[in-house]
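*Asks:* data-v3.txt is the file, holding compact mmCIF, C-alpha atoms:
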# COMPACT_ATOMS: atom_id res chain seq x y z
CA MET H 168 108.60 -23.99 108.12
CA ILE H 169 108.69 -22.87 104.49
CA ASP H 170 110.37 -19.51 104.01
CA ASN H 171 108.31 -16.74 102.38
CA LYS H 172 111.42 -15.47 100.55
CA GLU H 173 111.92 -18.89 98.98
CA ILE H 174 108.36 -18.85 97.60
CA ILE H 175 108.81 -15.29 96.29
CA THR H 176 111.99 -16.35 94.49
CA LEU H 177 110.30 -19.42 92.95
CA VAL H 178 107.36 -17.34 91.69
CA ASN H 179 109.50 -14.51 90.32
CA ASP H 180 111.91 -16.93 88.61
CA PHE H 181 109.02 -18.89 87.08
CA PHE H 182 107.43 -15.80 85.52
CA VAL H 183 110.66 -13.94 84.68
CA ASP H 184 109.98 -13.89 80.90
CA SER H 185 106.23 -13.37 81.26
CA ASP H 186 103.82 -10.50 81.82
CA ILE H 187 102.51 -12.34 84.89
CA PHE H 188 103.54 -11.08 88.33
CA ALA H 189 102.74 -11.79 91.97
CA VAL H 190 100.71 -9.18 93.83
CA GLU H 191 100.57 -11.00 97.14
CA ILE H 192 102.33 -14.01 98.65
CA ASN H 193 101.55 -15.22 102.16
CA VAL H 194 103.04 -18.16 104.07
CA SER H 195 101.48 -18.85 107.48
CA ASP H 196 103.12 -20.52 110.48
CA LYS H 197 101.26 -23.70 109.49
CA ASN H 198 102.67 -23.64 105.92
CA ASN H 199 99.49 -22.43 104.30
CA ILE H 200 100.78 -20.76 101.14
CA GLU H 201 98.60 -18.26 99.29
CA ILE H 202 99.75 -16.72 96.01
CA TYR H 203 97.77 -14.09 94.10
CA LEU H 204 98.81 -13.33 90.54
CA ASP H 205 98.08 -10.53 88.10
CA SER H 206 99.14 -9.86 84.54
CA ASP H 207 99.46 -7.06 82.03
CA THR H 208 97.04 -9.13 79.90
CA PHE H 209 95.34 -12.00 81.79
CA VAL H 210 95.99 -14.93 84.13
CA THR H 211 94.66 -18.33 83.08
CA ILE H 212 93.98 -21.46 85.08
CA ASP H 213 96.83 -23.06 83.10
CA ASN H 214 99.21 -20.39 84.48
CA CYS H 215 98.11 -21.23 88.02
CA VAL H 216 98.44 -24.99 87.46
CA ALA H 217 101.91 -24.61 85.94
CA LEU H 218 103.10 -22.51 88.89
CA ASN H 219 101.57 -25.03 91.30
CA ARG H 220 103.54 -27.86 89.66
CA HIS H 221 106.73 -25.77 89.68
CA ILE H 222 106.44 -25.06 93.40
CA GLU H 223 105.56 -28.67 94.23
CA SER H 224 108.63 -29.88 92.30
CA ASN H 225 110.82 -27.77 94.59
CA PHE H 226 109.52 -29.11 97.92
CA ASP H 227 109.38 -32.58 99.44
CA ARG H 228 106.04 -33.11 101.18
CA ASP H 229 107.57 -35.93 103.21
CA LYS H 230 109.96 -33.41 104.81
CA GLU H 231 107.59 -30.43 105.02
CA ASP H 232 103.82 -30.61 104.58
CA TYR H 233 102.02 -27.55 103.21
CA ASN H 234 98.80 -26.32 101.61
CA LEU H 235 99.14 -24.35 98.39
CA MET H 236 96.52 -22.00 96.90
CA ILE H 237 97.21 -20.03 93.71
CA SER H 238 94.69 -17.59 92.24
CA SER H 239 94.40 -14.51 90.08
CA ALA H 240 93.93 -11.27 91.98
CA GLY H 241 90.57 -10.60 90.33
CA VAL H 242 89.22 -7.38 88.86
CA THR H 243 87.56 -6.32 92.10
CA SER H 244 90.71 -6.76 94.22
CA PRO H 245 92.55 -3.68 95.51
CA PHE H 246 95.81 -2.73 93.85
CA THR H 247 98.77 -3.89 95.96
CA VAL H 248 101.77 -3.21 93.69
CA ILE H 249 102.71 -0.25 91.47
CA ARG H 250 102.61 -2.44 88.37
CA GLN H 251 98.84 -2.83 88.84
CA TYR H 252 98.45 0.94 88.84
CA ARG H 253 100.55 1.25 85.68
CA LYS H 254 98.59 -1.41 83.80
CA ASN H 255 95.33 0.42 84.58
CA ILE H 256 96.31 3.88 83.34
CA GLY H 257 93.37 5.32 81.42
CA LYS H 258 90.78 3.37 83.41
CA GLU H 259 88.36 4.67 86.02
CA VAL H 260 89.40 3.88 89.61
CA ILE H 261 88.15 4.66 93.07
CA ALA H 262 90.58 5.43 95.88
CA THR H 263 89.85 5.45 99.59
CA PHE H 264 92.09 7.62 101.75
CA ASN H 265 93.32 6.58 105.20
CA ASP H 266 90.69 8.95 106.68
CA GLU H 267 87.96 7.13 104.63
CA LYS H 268 87.47 10.03 102.16
CA ILE H 269 86.78 8.62 98.67
CA VAL H 270 87.79 10.01 95.28
CA LYS H 271 86.96 8.62 91.86
CA GLY H 272 88.63 9.45 88.57
CA ILE H 273 90.55 8.33 85.52
CA LEU H 274 94.02 7.03 86.40
CA LYS H 275 96.30 9.40 84.48
CA ASN H 276 99.84 8.53 85.55
CA VAL H 277 101.86 6.75 88.22
CA SER H 278 105.17 7.50 89.93
CA ASP H 279 107.07 5.77 92.72
CA GLN H 280 105.46 8.19 95.23
CA GLY H 281 101.83 8.10 94.07
CA PHE H 282 99.43 8.55 91.20
CA THR H 283 97.36 11.20 89.46
CA LEU H 284 93.63 10.93 88.89
CA THR H 285 91.65 13.09 86.51
CA LYS H 286 88.44 13.87 88.38
CA GLN H 287 85.54 14.75 86.11
CA THR H 288 82.60 16.98 86.96
CA LEU H 289 79.57 15.94 84.92
CA SER H 290 76.57 18.00 83.84
CA ASN H 291 73.15 17.33 85.32
CA VAL H 292 70.95 15.40 82.91
CA LYS H 293 67.43 14.12 82.62
CA LYS H 294 66.72 10.41 82.83
CA GLY H 295 67.79 8.60 79.67
CA GLN H 296 70.29 11.26 78.64
CA LYS H 297 74.05 10.92 78.81
CA ALA H 298 76.00 13.31 81.06
CA LYS H 299 78.63 15.53 79.51
CA VAL H 300 81.94 16.42 81.11
CA LYS H 301 81.80 20.01 82.39
CA ALA H 302 85.26 20.19 83.94
CA GLU H 303 88.33 18.07 84.68
CA GLU H 304 90.77 18.41 87.54
CA ASP H 305 94.00 16.45 88.07
CA ILE H 306 94.59 15.31 91.64
CA PHE H 307 97.84 13.76 92.89
CA LEU H 308 97.45 11.08 95.55
CA ASN H 309 100.43 9.96 97.61
CA PHE H 310 100.55 6.18 98.18
CA ASN H 311 101.07 6.83 101.92
CA ASP H 312 97.72 8.65 102.11
CA VAL H 313 95.71 5.99 100.26
CA LYS H 314 94.25 2.97 101.99
CA ILE H 315 92.74 1.17 98.96
CA THR H 316 92.57 1.73 95.19
CA LYS H 317 90.39 -0.43 92.94
CA LEU H 318 88.94 -0.39 89.47
CA PHE H 319 85.56 1.33 89.44
CA PHE H 320 82.59 -0.41 87.85
CA ASP H 321 79.29 1.37 87.31
CA PHE H 322 76.48 -1.14 86.86
CA LYS H 323 73.76 1.40 85.97
Show this structure as structure tokens.

*Replies:*
Amino acid sequence: MIDNKEIITLVNDFFVDSDIFAVEINVSDKNNIEIYLDSDTFVTIDNCVALNRHIESNFDRDKEDYNLMISSAGVTSPFTVIRQYRKNIGKEVIATFNDEKIVKGILKNVSDQGFTLTKQTLSNVKKGQKAKVKAEEDIFLNFNDVKITKLFFDFK
């Protein structure tokens, strides 16, 4: 069986001088390898192909068969590493607590323990008008209390 730590090392070494980073790496008992990448800028198909070739050059399929899937995390995927939080400072996110309570706000800052959202209260407006910010409140959320955090998209 292929060792998860070996895959993590290969991925991290491959992107050591890059702004690309792994957000999730899974290796099943049947050697199904899934790698999800993110970046401070963007992940291209060429990045995924290059990593695929790098990993394949380090394993002999005659000795150990495996399936390999490499993909970008995607803009709708939940944040799984602190670096994703840091790269999205200033953007609107939605966080779901472990008790299913939801809070939405602008990601203000991130620490090793959690992150701060600026929650905005908007004025009531008539149809066709733009709401104005009435008040702002900073809320600290501990990573241990948050189940999922994602970018928020309003398609109105």

*Asks:* Take every atom of segment 258-261 of chain H listed in the file, fit an axis-aligned box around them, add 4 Å per side, and give the centre and edge lengths in Å to one decimal as JSON.

*Replies:*
{"center_x": 89.5, "center_y": 4.0, "center_z": 88.2, "size_x": 10.6, "size_y": 9.3, "size_z": 17.7}

*Asks:* Can you pull out the residues contacting segment 279-288 of chain H? Cut-off 12 Å, using all atoms listed in the file, and skip same-chain residues under 3 positions away; I want them as an NGL selection string.

*Replies:* :H and (248-253 or 255-262 or 269-276 or 291 or 298-313 or 316)

*Asks:* Output C-alpha atoms of each residue in that selection to a file, as a compact mmCIF listing (two decimals), keeping the file's coordinate frame.

*Replies:*
# COMPACT_ATOMS: atom_id res chain seq x y z
CA VAL H 248 101.77 -3.21 93.69
CA ILE H 249 102.71 -0.25 91.47
CA ARG H 250 102.61 -2.44 88.37
CA GLN H 251 98.84 -2.83 88.84
CA TYR H 252 98.45 0.94 88.84
CA ARG H 253 100.55 1.25 85.68
CA ASN H 255 95.33 0.42 84.58
CA ILE H 256 96.31 3.88 83.34
CA GLY H 257 93.37 5.32 81.42
CA LYS H 258 90.78 3.37 83.41
CA GLU H 259 88.36 4.67 86.02
CA VAL H 260 89.40 3.88 89.61
CA ILE H 261 88.15 4.66 93.07
CA ALA H 262 90.58 5.43 95.88
CA ILE H 269 86.78 8.62 98.67
CA VAL H 270 87.79 10.01 95.28
CA LYS H 271 86.96 8.62 91.86
CA GLY H 272 88.63 9.45 88.57
CA ILE H 273 90.55 8.33 85.52
CA LEU H 274 94.02 7.03 86.40
CA LYS H 275 96.30 9.40 84.48
CA ASN H 276 99.84 8.53 85.55
CA ASN H 291 73.15 17.33 85.32
CA ALA H 298 76.00 13.31 81.06
CA LYS H 299 78.63 15.53 79.51
CA VAL H 300 81.94 16.42 81.11
CA LYS H 301 81.80 20.01 82.39
CA ALA H 302 85.26 20.19 83.94
CA GLU H 303 88.33 18.07 84.68
CA GLU H 304 90.77 18.41 87.54
CA ASP H 305 94.00 16.45 88.07
CA ILE H 306 94.59 15.31 91.64
CA PHE H 307 97.84 13.76 92.89
CA LEU H 308 97.45 11.08 95.55
CA ASN H 309 100.43 9.96 97.61
CA PHE H 310 100.55 6.18 98.18
CA ASN H 311 101.07 6.83 101.92
CA ASP H 312 97.72 8.65 102.11
CA VAL H 313 95.71 5.99 100.26
CA THR H 316 92.57 1.73 95.19

*Asks:* So which one's closest to Ala240 of chain H, H:Ser290, H:Asn265, H:Ser206, H:Asn199? Using all atoms listed in the file, please.

*Replies:* H:Ser206

*Asks:* State, in Å with one decimal place, the distance from atom CA of Asp232 of chain H to atom CA of Ile169 of chain H.

*Replies:*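 Between atom CA of Asp232 of chain H and atom CA of Ile169 of chain H the gap works out to 9.1 Å.
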
*Asks:* My list of candidates is H:Asp213, H:Asp227, H:Glu267, H:Asp170. Which is closest to Asn193 of chain H when distances are computed with all atoms listed in the file?

*Replies:*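 Looking at the shortest contact to Asn193 of chain H, the residue is H:Asp170.
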
*Asks:* Place a sphere of radius 10 Å on (102.3, -22.7, 104.5) in the file coordinates and name every protein, DNA or RNA residue with an atom inside or on its surface, counting all atoms listed in the file; give the answer as a PyMOL selection string.

*Replies:* chain H and resi 168-171+174+193-201+231-236

*Asks:* Please, what distance in Å, to one decimal, runs between atom CA of Gln296 of chain H and atom CA of Asp321 of chain H?

*Replies:*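 So the answer is 15.9 Å.
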
*Asks:* Mind giving me the straight-line distance from atom CA of Phe264 of chain H to atom CA of Phe188 of chain H in Å, one decimal?

*Replies:* 25.7 Å

*Asks:* With all atoms listed in the file as the basis for distance, which of H:Ile315, H:Ala217, H:Asp207, H:Val292 is at the shortest distance from Thr247 of chain H?

*Replies:*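 Once distances to Thr247 of chain H are computed over all atoms listed in the file, the minimum belongs to H:Ile315.
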
*Asks:* Using only C-alpha atoms for the distances, tell me which of H:Arg220, H:Phe209, H:Glu173, H:Tyr203 is nearest to Asp186 of chain H.

*Replies:*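 Among the listed residues, the smallest separation from Asp186 of chain H belongs to H:Phe209.
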
*Asks:* So which one's closest to Leu204 of chain H, H:Asp184, H:Lys294, H:Lys172, H:Ser244? Using all atoms listed in the file, please.

*Replies:*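 Closest candidate: H:Ser244.
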
*Asks:* Within 7 Å of (90.9, -2.9, 92.5) in the file's own coordinates, which protein, DNA or RNA residues have an atom, counting only C-alpha atoms? List them as a ChimeraX atom specification.

*Replies:* /H:242-246,316-318

*Asks:* Grab the residues selected above and save them as a PDB file, in the frame of the given file with C-alpha atoms.

*Replies:*
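Generated file (selection_10.pdb):
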ATOM      1  CA  VAL H 242      89.220  -7.380  88.860  1.00  0.00           C
ATOM      2  CA  THR H 243      87.560  -6.320  92.100  1.00  0.00           C
ATOM      3  CA  SER H 244      90.710  -6.760  94.220  1.00  0.00           C
ATOM      4  CA  PRO H 245      92.550  -3.680  95.510  1.00  0.00           C
ATOM      5  CA  PHE H 246      95.810  -2.730  93.850  1.00  0.00           C
ATOM      6  CA  THR H 316      92.570   1.730  95.190  1.00  0.00           C
ATOM      7  CA  LYS H 317      90.390  -0.430  92.940  1.00  0.00           C
ATOM      8  CA  LEU H 318      88.940  -0.390  89.470  1.00  0.00           C
TER       9      LEU H 318
END

*Asks:* How would segment 205-223 of chain H read, as a short mmCIF file (atom, residue, chain, number, x, y, z; two decimals), in the coordinates of the input, once N, CA and C atoms are built in?

*Replies:*
data_model
loop_
_atom_site.label_atom_id
_atom_site.label_comp_id
_atom_site.auth_asym_id
_atom_site.auth_seq_id
_atom_site.Cartn_x
_atom_site.Cartn_y
_atom_site.Cartn_z
N ASP H 205 98.71 -11.46 89.04
CA ASP H 205 98.08 -10.53 88.10
C ASP H 205 98.92 -10.55 86.84
N SER H 206 98.46 -9.84 85.83
CA SER H 206 99.14 -9.86 84.54
C SER H 206 98.84 -8.57 83.80
N ASP H 207 99.72 -8.21 82.89
CA ASP H 207 99.46 -7.06 82.03
C ASP H 207 98.36 -7.39 81.02
N THR H 208 98.10 -8.69 80.81
CA THR H 208 97.04 -9.13 79.90
C THR H 208 96.01 -9.91 80.68
N PHE H 209 96.28 -11.18 81.01
CA PHE H 209 95.34 -12.00 81.79
C PHE H 209 96.07 -13.18 82.39
N VAL H 210 95.48 -13.73 83.46
CA VAL H 210 95.99 -14.93 84.13
C VAL H 210 95.01 -16.05 83.84
N THR H 211 95.53 -17.19 83.37
CA THR H 211 94.66 -18.33 83.08
C THR H 211 94.81 -19.40 84.16
N ILE H 212 93.89 -20.32 84.16
CA ILE H 212 93.98 -21.46 85.08
C ILE H 212 95.24 -22.27 84.76
N ASP H 213 95.61 -22.34 83.49
CA ASP H 213 96.83 -23.06 83.10
C ASP H 213 98.08 -22.42 83.72
N ASN H 214 98.09 -21.08 83.83
CA ASN H 214 99.21 -20.39 84.48
C ASN H 214 99.30 -20.80 85.94
N CYS H 215 98.15 -20.86 86.61
CA CYS H 215 98.11 -21.23 88.02
C CYS H 215 98.54 -22.68 88.22
N VAL H 216 98.08 -23.58 87.36
CA VAL H 216 98.44 -24.99 87.46
C VAL H 216 99.94 -25.17 87.23
N ALA H 217 100.48 -24.48 86.23
CA ALA H 217 101.91 -24.61 85.94
C ALA H 217 102.75 -24.12 87.11
N LEU H 218 102.36 -23.01 87.73
CA LEU H 218 103.10 -22.51 88.89
C LEU H 218 102.97 -23.49 90.05
N ASN H 219 101.79 -24.04 90.24
CA ASN H 219 101.57 -25.03 91.30
C ASN H 219 102.54 -26.20 91.13
N ARG H 220 102.63 -26.73 89.93
CA ARG H 220 103.54 -27.86 89.66
C ARG H 220 105.00 -27.46 89.89
N HIS H 221 105.35 -26.25 89.49
CA HIS H 221 106.73 -25.77 89.68
C HIS H 221 107.08 -25.71 91.16
N ILE H 222 106.18 -25.16 91.96
CA ILE H 222 106.44 -25.06 93.40
C ILE H 222 106.51 -26.44 94.02
N GLU H 223 105.57 -27.31 93.67
CA GLU H 223 105.56 -28.67 94.23
C GLU H 223 106.82 -29.45 93.86
#
